[in-house]
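Participant: The structure file query_20.tsv (TSV, C-alpha atoms (C1' of nucleotides)) is provided below.
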```tsv
chain	number	residue	atom	x	y	z
A	1	MET	CA	69.61	72.52	132.31
A	2	SER	CA	68.37	74.65	129.45
A	3	THR	CA	68.66	73.63	125.83
A	4	GLU	CA	69.44	77.13	124.65
A	5	ALA	CA	72.81	78.92	124.57
A	6	LYS	CA	74.67	75.62	124.69
A	7	SER	CA	76.58	76.38	121.52
A	8	CYS	CA	77.66	79.33	119.49
A	9	LYS	CA	76.57	79.65	115.91
A	10	ILE	CA	79.90	78.19	114.80
A	11	LYS	CA	80.63	78.43	111.07
A	12	GLU	CA	77.50	80.48	110.47
A	13	ILE	CA	79.90	83.30	109.76
A	14	ARG	CA	81.36	82.52	106.38
A	15	ALA	CA	85.04	82.87	105.57
A	16	ILE	CA	86.23	86.46	105.50
A	17	ASP	CA	88.97	87.66	103.19
A	18	LEU	CA	91.21	90.00	105.14
A	19	ASP	CA	92.52	91.68	102.00
A	20	ARG	CA	89.15	93.37	101.71
A	21	TYR	CA	90.24	95.63	104.54
A	22	GLU	CA	93.64	96.54	103.20
A	23	SER	CA	92.74	100.06	102.10
A	24	VAL	CA	90.63	101.08	105.09
A	25	SER	CA	93.26	99.86	107.47
A	26	LYS	CA	95.87	101.95	105.66
A	27	ILE	CA	93.71	105.06	105.87
A	28	LEU	CA	92.97	104.43	109.52
A	29	SER	CA	96.64	103.82	110.27
A	30	ALA	CA	97.43	107.17	108.78
A	31	LEU	CA	94.82	108.69	111.07
A	32	SER	CA	95.79	106.82	114.21
A	33	ASN	CA	98.50	109.19	115.32
A	34	LYS	CA	98.04	112.26	117.49
A	35	THR	CA	100.37	114.43	115.44
A	36	ARG	CA	98.75	113.47	112.17
A	37	ILE	CA	95.25	114.00	113.53
A	38	ALA	CA	96.32	117.45	114.69
A	39	ILE	CA	97.70	118.23	111.25
A	40	ILE	CA	94.67	116.96	109.43
A	41	GLU	CA	92.29	118.84	111.72
A	42	ALA	CA	94.21	122.05	111.09
A	43	ALA	CA	94.09	121.33	107.36
A	44	MET	CA	90.31	120.95	107.63
A	45	ASN	CA	89.82	124.07	109.74
A	46	TYR	CA	92.10	126.30	107.69
A	47	GLY	CA	91.44	124.76	104.29
A	48	GLU	CA	95.11	124.06	103.91
A	49	VAL	CA	98.21	124.23	106.05
A	50	CYS	CA	101.79	125.07	105.34
A	51	ALA	CA	104.45	122.74	106.69
A	52	CYS	CA	106.19	125.56	108.53
A	53	GLU	CA	102.97	126.62	110.21
A	54	MET	CA	102.47	123.16	111.64
A	55	GLN	CA	106.02	123.24	112.90
A	56	HIS	CA	105.20	126.32	114.93
A	57	ALA	CA	101.75	125.21	116.01
A	58	LEU	CA	102.91	121.81	117.21
A	59	GLY	CA	106.39	122.74	118.37
A	60	LEU	CA	107.97	119.75	116.67
A	61	PRO	CA	111.09	119.61	114.50
A	62	GLN	CA	110.75	120.18	110.79
A	63	THR	CA	111.65	116.62	109.83
A	64	THR	CA	108.97	115.21	112.09
A	65	ILE	CA	106.28	117.36	110.51
A	66	THR	CA	107.45	116.67	106.97
A	67	THR	CA	107.55	112.94	107.64
A	68	HIS	CA	103.96	112.94	108.86
A	69	LEU	CA	102.79	115.11	105.99
A	70	ARG	CA	104.56	112.86	103.55
A	71	LYS	CA	102.94	109.76	105.01
A	72	MET	CA	99.47	111.21	104.62
A	73	TYR	CA	100.31	112.47	101.17
A	74	ASP	CA	101.64	109.09	100.12
A	75	ILE	CA	98.42	107.27	100.87
A	76	GLY	CA	96.39	110.03	99.24
A	77	LEU	CA	94.85	111.52	102.35
A	78	LEU	CA	96.41	114.91	101.69
A	79	LYS	CA	97.10	116.77	98.50
A	80	GLN	CA	99.95	119.17	98.00
A	81	ARG	CA	100.15	122.63	96.51
A	82	GLU	CA	103.57	124.17	96.07
A	83	VAL	CA	103.90	127.94	95.98
A	84	TRP	CA	107.32	129.52	95.96
A	85	LYS	CA	109.24	127.80	98.72
A	86	TYR	CA	106.13	126.86	100.61
A	87	SER	CA	104.33	123.56	100.59
A	88	TYR	CA	100.63	123.67	101.35
A	89	TYR	CA	98.73	120.53	102.20
A	90	SER	CA	94.98	120.06	102.22
A	91	VAL	CA	92.68	117.12	102.77
A	92	ASN	CA	91.96	115.32	99.53
A	93	PRO	CA	88.27	116.06	98.74
A	94	GLU	CA	87.37	112.37	98.56
A	95	TYR	CA	88.36	111.97	102.21
A	96	GLU	CA	86.92	115.22	103.55
A	97	ARG	CA	83.72	113.63	104.70
A	98	LEU	CA	85.36	110.68	106.44
A	99	VAL	CA	87.88	112.92	108.14
A	100	SER	CA	85.26	115.37	109.31
A	101	ASP	CA	83.16	112.50	110.67
A	102	LEU	CA	86.14	111.22	112.57
A	103	LEU	CA	87.00	114.59	114.00
A	104	ASP	CA	83.40	115.16	115.02
A	105	CYS	CA	83.46	112.15	117.26
A	106	ASN	CA	86.64	113.34	118.93
A	107	ALA	CA	84.65	115.31	121.48
A	108	ASN	CA	82.25	112.43	122.10
A	109	VAL	CA	84.91	109.83	122.60
A	110	ILE	CA	85.47	109.06	126.25
A	111	LEU	CA	87.98	106.33	126.77
A	112	PRO	CA	87.13	104.02	129.65
A	113	SER	CA	90.83	103.89	130.43
A	114	ASP	CA	90.36	104.12	134.18
A	115	ILE	CA	87.64	101.49	134.42
A	116	PRO	CA	89.30	98.21	135.34
A	117	ARG	CA	88.41	95.78	132.57
A	118	SER	CA	90.07	92.58	133.66
A	119	LYS	CA	87.64	89.81	134.30
A	120	ASN	CA	90.09	87.06	133.47
A	121	LYS	CA	88.64	83.63	133.18
A	122	ALA	CA	92.08	82.09	133.05
A	123	LYS	CA	93.91	83.38	136.10
A	124	ARG	CA	97.65	83.64	136.00
A	125	ARG	CA	99.57	80.79	137.50
B	1	MET	CA	107.61	139.64	90.61
B	2	SER	CA	104.23	139.46	92.23
B	3	THR	CA	103.61	140.65	95.77
B	4	GLU	CA	101.23	137.83	96.59
B	5	ALA	CA	102.03	134.29	97.79
B	6	LYS	CA	105.42	135.41	99.05
B	7	SER	CA	104.83	134.08	102.53
B	8	CYS	CA	102.76	131.54	104.33
B	9	LYS	CA	100.43	132.62	107.07
B	10	ILE	CA	103.07	131.65	109.64
B	11	LYS	CA	101.94	131.60	113.25
B	12	GLU	CA	98.35	132.31	112.30
B	13	ILE	CA	97.71	128.77	113.44
B	14	ARG	CA	97.85	128.90	117.20
B	15	ALA	CA	99.60	126.31	119.33
B	16	ILE	CA	97.91	122.93	119.29
B	17	ASP	CA	97.90	120.60	122.27
B	18	LEU	CA	98.49	117.07	121.01
B	19	ASP	CA	96.94	115.51	124.11
B	20	ARG	CA	93.58	116.60	122.77
B	21	TYR	CA	93.85	113.77	120.29
B	22	GLU	CA	94.85	111.04	122.70
B	23	SER	CA	91.48	109.28	122.78
B	24	VAL	CA	90.66	109.45	119.07
B	25	SER	CA	94.07	108.18	118.16
B	26	LYS	CA	93.60	105.23	120.49
B	27	ILE	CA	90.26	104.36	118.95
B	28	LEU	CA	91.67	104.71	115.46
B	29	SER	CA	94.69	102.59	116.35
B	30	ALA	CA	92.34	99.87	117.47
B	31	LEU	CA	90.62	100.13	114.10
B	32	SER	CA	93.72	100.35	111.96
B	33	ASN	CA	94.27	96.63	111.58
B	34	LYS	CA	92.79	94.37	108.93
B	35	THR	CA	91.96	91.58	111.34
B	36	ARG	CA	90.32	93.88	113.84
B	37	ILE	CA	88.30	95.63	111.15
B	38	ALA	CA	87.11	92.23	109.95
B	39	ILE	CA	86.10	91.29	113.48
B	40	ILE	CA	84.33	94.55	114.16
B	41	GLU	CA	82.48	94.43	110.85
B	42	ALA	CA	81.28	90.92	111.64
B	43	ALA	CA	80.23	92.10	115.09
B	44	MET	CA	78.21	94.87	113.45
B	45	ASN	CA	76.64	92.62	110.83
B	46	TYR	CA	75.77	89.79	113.19
B	47	GLY	CA	75.05	91.87	116.28
B	48	GLU	CA	77.69	89.97	118.16
B	49	VAL	CA	80.38	87.43	117.41
B	50	CYS	CA	81.77	84.52	119.31
B	51	ALA	CA	85.55	84.21	119.49
B	52	CYS	CA	85.47	80.70	118.03
B	53	GLU	CA	83.39	81.85	115.08
B	54	MET	CA	85.95	84.45	114.16
B	55	GLN	CA	88.62	81.81	114.40
B	56	HIS	CA	86.84	79.80	111.73
B	57	ALA	CA	85.84	82.76	109.59
B	58	LEU	CA	89.31	84.25	109.53
B	59	GLY	CA	91.34	81.07	109.66
B	60	LEU	CA	93.66	82.44	112.31
B	61	PRO	CA	94.88	80.77	115.51
B	62	GLN	CA	92.81	81.17	118.64
B	63	THR	CA	95.42	83.25	120.45
B	64	THR	CA	95.57	85.74	117.62
B	65	ILE	CA	91.81	86.25	117.63
B	66	THR	CA	91.64	86.53	121.41
B	67	THR	CA	94.46	89.05	121.45
B	68	HIS	CA	92.64	91.28	118.96
B	69	LEU	CA	89.32	90.95	120.76
B	70	ARG	CA	91.00	91.78	124.02
B	71	LYS	CA	92.63	94.87	122.57
B	72	MET	CA	89.32	96.23	121.34
B	73	TYR	CA	87.64	95.30	124.58
B	74	ASP	CA	90.34	97.02	126.62
B	75	ILE	CA	89.82	100.37	124.98
B	76	GLY	CA	86.05	100.00	125.21
B	77	LEU	CA	85.31	99.46	121.54
B	78	LEU	CA	83.75	96.06	122.19
B	79	LYS	CA	81.70	94.75	125.05
B	80	GLN	CA	81.69	91.18	126.21
B	81	ARG	CA	78.91	88.75	127.07
B	82	GLU	CA	79.89	85.42	128.54
B	83	VAL	CA	77.54	82.47	128.11
B	84	TRP	CA	78.64	79.05	129.22
B	85	LYS	CA	82.08	78.57	127.74
B	86	TYR	CA	81.47	81.06	124.97
B	87	SER	CA	82.53	84.65	124.84
B	88	TYR	CA	80.43	86.95	122.69
B	89	TYR	CA	81.66	90.37	121.71
B	90	SER	CA	79.63	93.22	120.31
B	91	VAL	CA	80.36	96.82	119.41
B	92	ASN	CA	79.82	99.10	122.36
B	93	PRO	CA	76.70	101.17	121.51
B	94	GLU	CA	78.52	104.47	121.94
B	95	TYR	CA	80.85	103.53	119.09
B	96	GLU	CA	78.32	101.94	116.77
B	97	ARG	CA	77.80	105.06	114.72
B	98	LEU	CA	81.49	105.82	114.31
B	99	VAL	CA	82.28	102.25	113.39
B	100	SER	CA	79.46	102.03	110.87
B	101	ASP	CA	80.58	105.33	109.31
B	102	LEU	CA	84.09	103.98	109.00
B	103	LEU	CA	82.96	100.72	107.47
B	104	ASP	CA	80.72	102.55	105.02
B	105	CYS	CA	83.68	104.31	103.52
B	106	ASN	CA	85.47	101.01	103.03
B	107	ALA	CA	83.87	100.57	99.62
B	108	ASN	CA	84.55	104.16	98.60
B	109	VAL	CA	88.18	104.11	99.58
B	110	ILE	CA	90.46	103.69	96.61
B	111	LEU	CA	94.08	103.88	97.56
B	112	PRO	CA	96.23	105.62	94.98
B	113	SER	CA	98.94	103.12	95.77
B	114	ASP	CA	99.96	102.60	92.17
B	115	ILE	CA	100.07	106.28	91.24
B	116	PRO	CA	103.69	107.39	91.61
B	117	ARG	CA	103.63	110.19	94.14
B	118	SER	CA	107.24	111.22	94.33
B	119	LYS	CA	107.82	114.74	93.17
B	120	ASN	CA	110.88	115.23	95.31
B	121	LYS	CA	112.15	118.73	95.52
B	122	ALA	CA	115.28	117.53	97.24
B	123	LYS	CA	116.79	114.89	95.01
B	124	ARG	CA	118.90	112.17	96.56
B	125	ARG	CA	122.65	112.58	96.37
C	1	DG	C1'	89.71	61.58	137.13
C	2	DA	C1'	90.93	61.99	132.17
C	3	DG	C1'	89.75	64.15	127.92
C	4	DT	C1'	87.77	67.92	125.33
C	5	DC	C1'	86.44	72.54	124.17
C	6	DA	C1'	86.44	77.59	124.30
C	7	DT	C1'	88.92	81.01	126.06
C	8	DA	C1'	92.61	83.69	128.27
C	9	DT	C1'	97.49	84.96	129.49
C	10	DC	C1'	102.49	84.93	128.87
C	11	DG	C1'	106.63	85.25	126.35
C	12	DT	C1'	108.96	86.27	122.39
C	13	DA	C1'	110.55	86.89	117.73
C	14	DA	C1'	109.56	89.42	113.69
C	15	DT	C1'	108.06	93.52	111.98
C	16	DA	C1'	106.50	98.22	111.78
C	17	DT	C1'	106.31	102.84	113.39
C	18	DC	C1'	108.03	107.15	115.52
C	19	DT	C1'	111.12	110.66	116.21
C	20	DT	C1'	114.81	113.05	114.99
C	21	DA	C1'	119.71	114.39	113.54
C	22	DA	C1'	122.32	114.88	109.51
C	23	DT	C1'	122.15	116.27	105.17
C	24	DA	C1'	120.58	117.98	100.68
C	25	DT	C1'	118.10	121.08	97.51
C	26	DA	C1'	115.93	124.98	95.39
C	27	DA	C1'	115.06	129.82	95.48
C	28	DC	C1'	115.60	133.86	97.25
C	29	DG	C1'	118.23	138.36	99.25
C	30	DT	C1'	122.50	140.68	99.84
D	1	DA	C1'	129.20	133.64	95.91
D	2	DC	C1'	127.28	133.26	100.51
D	3	DG	C1'	123.73	133.07	103.93
D	4	DT	C1'	118.95	132.18	104.85
D	5	DT	C1'	114.55	129.92	104.61
D	6	DA	C1'	111.34	126.21	103.65
D	7	DT	C1'	111.22	121.76	102.51
D	8	DA	C1'	112.56	116.93	101.50
D	9	DT	C1'	115.34	112.53	102.03
D	10	DT	C1'	117.99	109.27	104.48
D	11	DA	C1'	119.40	106.71	108.31
D	12	DA	C1'	119.16	105.01	112.81
D	13	DG	C1'	117.86	104.20	117.56
D	14	DA	C1'	113.86	103.79	120.47
D	15	DT	C1'	109.56	102.14	120.98
D	16	DA	C1'	105.26	99.78	119.75
D	17	DT	C1'	102.66	96.33	117.39
D	18	DT	C1'	101.79	91.83	115.50
D	19	DA	C1'	101.36	86.96	115.28
D	20	DC	C1'	101.43	82.97	117.62
D	21	DG	C1'	103.36	78.83	120.36
D	22	DA	C1'	103.22	77.27	124.97
D	23	DT	C1'	100.44	77.02	128.61
D	24	DA	C1'	96.59	77.59	131.93
D	25	DT	C1'	91.70	77.76	133.41
D	26	DG	C1'	86.86	76.48	133.92
D	27	DA	C1'	83.12	73.76	132.59
D	28	DC	C1'	81.55	70.24	130.60
D	29	DT	C1'	81.35	64.79	129.12
D	30	DC	C1'	82.49	60.11	129.67
```
For this file, produce the structure as structure tokens.
Facilitator:
Amino acid sequence: MSTEAKSCKIKEIRAIDLDRYESVSKILSALSNKTRIAIIEAAMNYGEVCACEMQHALGLPQTTITTHLRKMYDIGLLKQREVWKYSYYSVNPEYERLVSDLLDCNANVILPSDIPRSKNKAKRR
Amino acid sequence: MSTEAKSCKIKEIRAIDLDRYESVSKILSALSNKTRIAIIEAAMNYGEVCACEMQHALGLPQTTITTHLRKMYDIGLLKQREVWKYSYYSVNPEYERLVSDLLDCNANVILPSDIPRSKNKAKRR
DNA sequence: GAGTCATATCGTAATATCTTAATATAACGT
DNA sequence: ACGTTATATTAAGATATTACGATATGACTC
């Protein structure tokens, strides 16, 4: 009937190199875990956190906490300061802004998890 | 020798409820994948993207693209507009700001992947 | 009605991540 | 020297995610 909307703008979008997103995806992976978000928020709020503190605050075994801290340290999200037998971790300055932006939107985020979102074109057989 | 730095501020950090971070972690999970970041960036740049366009731009099979689109749609990150046989996806307005903030930091992010970061206190046996 | 196109769902194999016990280490107090 | 404390590493099972072939649908064209 109409001449418009009969085709998508196929190939108008030029080839995208996925490797461009390697680093962001790594950072976001590190941040896509409840426990790690909790740790990183505490690190932001308190300036730095000690591994043993997070153990108490989160009620998780020591190895679990250390593993998460290590993961964030490995990709450079956290930096480490060792004093006596304690290990203090803080958010690496270069990521402070990103992290704080992310945490800010925590309150705003409302997941439409209850809203049924299945308008299947292809019905199951 | 010194009286300072002999203890961490144990238990000063009060108990943290991990469920608080359920929604953010879901959003971040949806964003922690190269392909999905590529799709969402294209959706931001072009206003909306058609599934078949992303297929061409990314050079990935149709099912792969659809699966990723569906995932982002399911958690509410993308909204869908169906015209004829085409399916256009765009970033849900409520997430536009967050997404654009995240994409902004893509350029800035430099992963210290090459820097050796193993200062193991506990050496392997 | 057969063929095509864009899209969606299912099933599954490969891969990655999470959690945690077992274990190790370094530094301290006794 | 032994016990304790804080932390780190390794290993392994459980669980989740990813990529994608096979397949189905709906709407068009011929």
Participant: Within 9 Å of chain A, which residues of chain C are there when counting only C-alpha atoms (C1' of nucleotides)? Please give them as number ranges by chain.
Facilitator: C: 7-10, 18-20, 26-28
Participant: Mind dumping the selected residues with C-alpha atoms (C1' of nucleotides) as an mmCIF file, in the coordinates of the input?
Facilitator:
```
data_model
loop_
_atom_site.group_PDB
_atom_site.id
_atom_site.type_symbol
_atom_site.label_atom_id
_atom_site.label_comp_id
_atom_site.auth_asym_id
_atom_site.auth_seq_id
_atom_site.Cartn_x
_atom_site.Cartn_y
_atom_site.Cartn_z
ATOM 1 C "C1'" DT C 7 88.920 81.010 126.060
ATOM 2 C "C1'" DA C 8 92.610 83.690 128.270
ATOM 3 C "C1'" DT C 9 97.490 84.960 129.490
ATOM 4 C "C1'" DC C 10 102.490 84.930 128.870
ATOM 5 C "C1'" DC C 18 108.030 107.150 115.520
ATOM 6 C "C1'" DT C 19 111.120 110.660 116.210
ATOM 7 C "C1'" DT C 20 114.810 113.050 114.990
ATOM 8 C "C1'" DA C 26 115.930 124.980 95.390
ATOM 9 C "C1'" DA C 27 115.060 129.820 95.480
ATOM 10 C "C1'" DC C 28 115.600 133.860 97.250
#
```
Participant: Could you list, as an mmCIF file with C-alpha atoms, in the coordinates of the input, every residue within 9 Å of Ala38 in chain A, counting only C-alpha atoms (C1' of nucleotides) and ignoring same-chain residues fewer than 6 positions away?
Facilitator:
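Output file result-v6.cif is given in full below:
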```
data_model
loop_
_atom_site.group_PDB
_atom_site.id
_atom_site.type_symbol
_atom_site.label_atom_id
_atom_site.label_comp_id
_atom_site.auth_asym_id
_atom_site.auth_seq_id
_atom_site.Cartn_x
_atom_site.Cartn_y
_atom_site.Cartn_z
ATOM 1 C CA MET A 54 102.470 123.160 111.640
ATOM 2 C CA LEU A 58 102.910 121.810 117.210
ATOM 3 C CA ILE B 16 97.910 122.930 119.290
ATOM 4 C CA ASP B 17 97.900 120.600 122.270
ATOM 5 C CA LEU B 18 98.490 117.070 121.010
ATOM 6 C CA ARG B 20 93.580 116.600 122.770
ATOM 7 C CA TYR B 21 93.850 113.770 120.290
#
```
Participant: Please find the residues of chain B near chain A - the criterion being any atom within 6 Å, counting all atoms listed in the file - and write them as a PyMOL selection string.
Facilitator: chain B and resi 10-11+13-16+18+21+24-25+28-29+32-34+53+57-58+106
Participant: Around all the atoms of range 10-16 of chain C listed in the file, with 4 Å of room on each side, what axis-aligned box do you get, giving centre and edge lengths in Å to one decimal, as AutoDock Vina command-line options?
Facilitator:
```
--center_x 106.5 --center_y 91.6 --center_z 120.3 --size_x 16.1 --size_y 21.3 --size_z 25.1
```
Participant: Please identify all residues of chain D having at least one atom at most 10 Å from any atom of chain A, considering only C-alpha atoms (C1' of nucleotides), and return them as a PyMOL selection string.
Facilitator: chain D and resi 5-9+23-26
Participant: Just to confirm, what's the straight-line distance from CA of Leu69 in chain B to CA of Tyr89 in chain B in Å (one decimal)?
Facilitator: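 Between CA of Leu69 in chain B and CA of Tyr89 in chain B the gap works out to 7.7 Å.
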Participant: Between CA of Glu48 in chain B and C1' of DA16 in chain D, what distance in Å does the model show, to one decimal?
Facilitator: 29.3 Å
Participant: Any idea what the distance is between C1' of DT18 in chain D and CA of Lys71 in chain B?
Facilitator: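 These atoms are spaced 12.0 Å apart.
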